[in-house]
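Following: one structure in structure tokens, then a few remarks.
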Amino acid sequence: NNNNNNSNSSLINNILSNMNRRASRDAETDWTLLDYATSDNVDHDEIPQQVNLSHTQPYTHQSHLIGLEGVVAIAQTDMYQHVFVAVEERDPHDLDIKYIISVITEYIRSLNFHHINVKHFLYETLIDFLVRNNRWYQLHQFLQYHVVSDSTHVACRLLSLEGTYPPAYQLALDMMKRLSTHDQIVEVLLSKKLILSALRFIKSHKVKFSPKRVLEAALQTGDSTIFFHVYHYYEVRKELTEDCEQCCRAGKDMFAMHSQVKKRSATGTNL
């Protein structure tokens, strides 16, 4: 393990030392500071004029950064593109996954400590490493203790894991509830053909959601009883709009057809 740790540490240090030192000034992210081996390789003119380390006091290039030897500003996008993605593309057999996860976790912790908003792609990278190595319990812990912060991006990533790890579906729904993204929860339930669950959620949380969208989802199930429940819900509340007319006609036709089938079945049984 010590050899693997040393190897991985050397790998990351090599990638960092070979990174392009020009920090992208148009990147929509805050800056962090990393130490380099020697100050001779640092071009201070490439450091942005203002770097905010703690979101409390602005640091000016002339008064603060010139005096910091061996320091260069690196954006979260740089860390992601040139370090974490580069590591992720290597042969898994050459990596100590536990060590890599610890590195990403510590970087996220450092950003939070300095009150810098963590970009969603860092959380997704951490989740990807956990998933690729079946560390489901650790994923649960990271979500429970908010090592991975709630966000729509993370919730969608969890939804995409359902085929591999079914509990991820509920984890995603719980996160969306905490984010109060009620319309997205309804969409998820409709996509799973859980029409009545979606309808109950709309009712209990007073979600403003398109009746037409719910009626269309009910039609797609081919279940006339489900459609009737949805239709009745909106009809009683007088929320059926003009754009629902086509769905309502199709639903009534489906209900009539199913009624005829039931009558024929009953007649055949009596015979």
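We label chains A, B, ... in the order they appear in the structure tokens, count residues from 1 in each chain, and number ligands from 1 in the order shown.
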Per-residue DSSP, segment 50-211 of chain A, filtered to alpha helix (DSSP H), as a PyMOL selection string: chain A and resi 76-79+85-88+97-113+120-132+136-144+152-160+167-179+182-191+195-205+211
Shell of 12 Å around segment 151-168 of chain A, only C-alpha atoms, local chain residues under 5 positions omitted, as a PyMOL selection string: chain A and resi 117-128+130-137+139-140+143+146+173-185+187-189+191-192
Shell of 7 Å around segment 237-251 of chain A, only C-alpha atoms, local chain residues under 5 positions omitted, as a VMD selection string: chain A and resid 211 to 212 215 to 216 219 227
Selection to disk with N, CA and C atoms, as a PDB file, in the first residue's frame:
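Now in result.pdb:
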```pdb
ATOM      1  N   PRO A 211     -51.188  19.939 -16.585  1.00  0.00           N
ATOM      2  CA  PRO A 211     -52.149  18.820 -16.618  1.00  0.00           C
ATOM      3  C   PRO A 211     -51.998  17.971 -17.877  1.00  0.00           C
ATOM      4  N   LYS A 212     -51.697  18.653 -18.989  1.00  0.00           N
ATOM      5  CA  LYS A 212     -51.541  17.929 -20.254  1.00  0.00           C
ATOM      6  C   LYS A 212     -50.427  16.896 -20.152  1.00  0.00           C
ATOM      7  N   LEU A 215     -51.698  13.925 -18.179  1.00  0.00           N
ATOM      8  CA  LEU A 215     -52.680  13.176 -18.969  1.00  0.00           C
ATOM      9  C   LEU A 215     -51.999  12.356 -20.057  1.00  0.00           C
ATOM     10  N   GLU A 216     -50.998  12.938 -20.703  1.00  0.00           N
ATOM     11  CA  GLU A 216     -50.258  12.214 -21.746  1.00  0.00           C
ATOM     12  C   GLU A 216     -49.554  10.996 -21.161  1.00  0.00           C
ATOM     13  N   LEU A 219     -52.092   8.324 -20.524  1.00  0.00           N
ATOM     14  CA  LEU A 219     -52.484   7.666 -21.773  1.00  0.00           C
ATOM     15  C   LEU A 219     -51.458   6.616 -22.185  1.00  0.00           C
ATOM     16  N   PHE A 227     -56.016   6.604 -16.216  1.00  0.00           N
ATOM     17  CA  PHE A 227     -56.384   7.820 -16.926  1.00  0.00           C
ATOM     18  C   PHE A 227     -57.615   8.465 -16.290  1.00  0.00           C
TER      19      PHE A 227
END
```
Residue nearest Ala75 of chain A among A:Lys206, A:Ser149, A:Ile116, A:Gln170 (counting only C-alpha atoms): A:Ile116
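Between atom CA of Tyr234 of chain A and atom CA of Phe201 of chain A lies a distance of 14.1 Å.
Atom to atom, atom CA of His115 of chain A and atom CA of Gln144 of chain A stand 20.4 Å apart.
Reported to one decimal place, the separation of atom CA of Ser224 of chain A from atom CA of Met254 of chain A is 6.3 Å.
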Selected residue, from A:Asp96, A:Tyr231, A:Phe84, A:Thr105, that lies nearest to Gln138 of chain A when counting only C-alpha atoms: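 Of A:Asp96, A:Tyr231, A:Phe84, A:Thr105, the one nearest Gln138 of chain A, counting only C-alpha atoms, is A:Thr105.
For the set A:Thr225, A:Ser110, A:Ile97, A:Gln141, the residue with the smallest atom-to-atom gap to Leu196 of chain A is A:Thr225, counting only C-alpha atoms.
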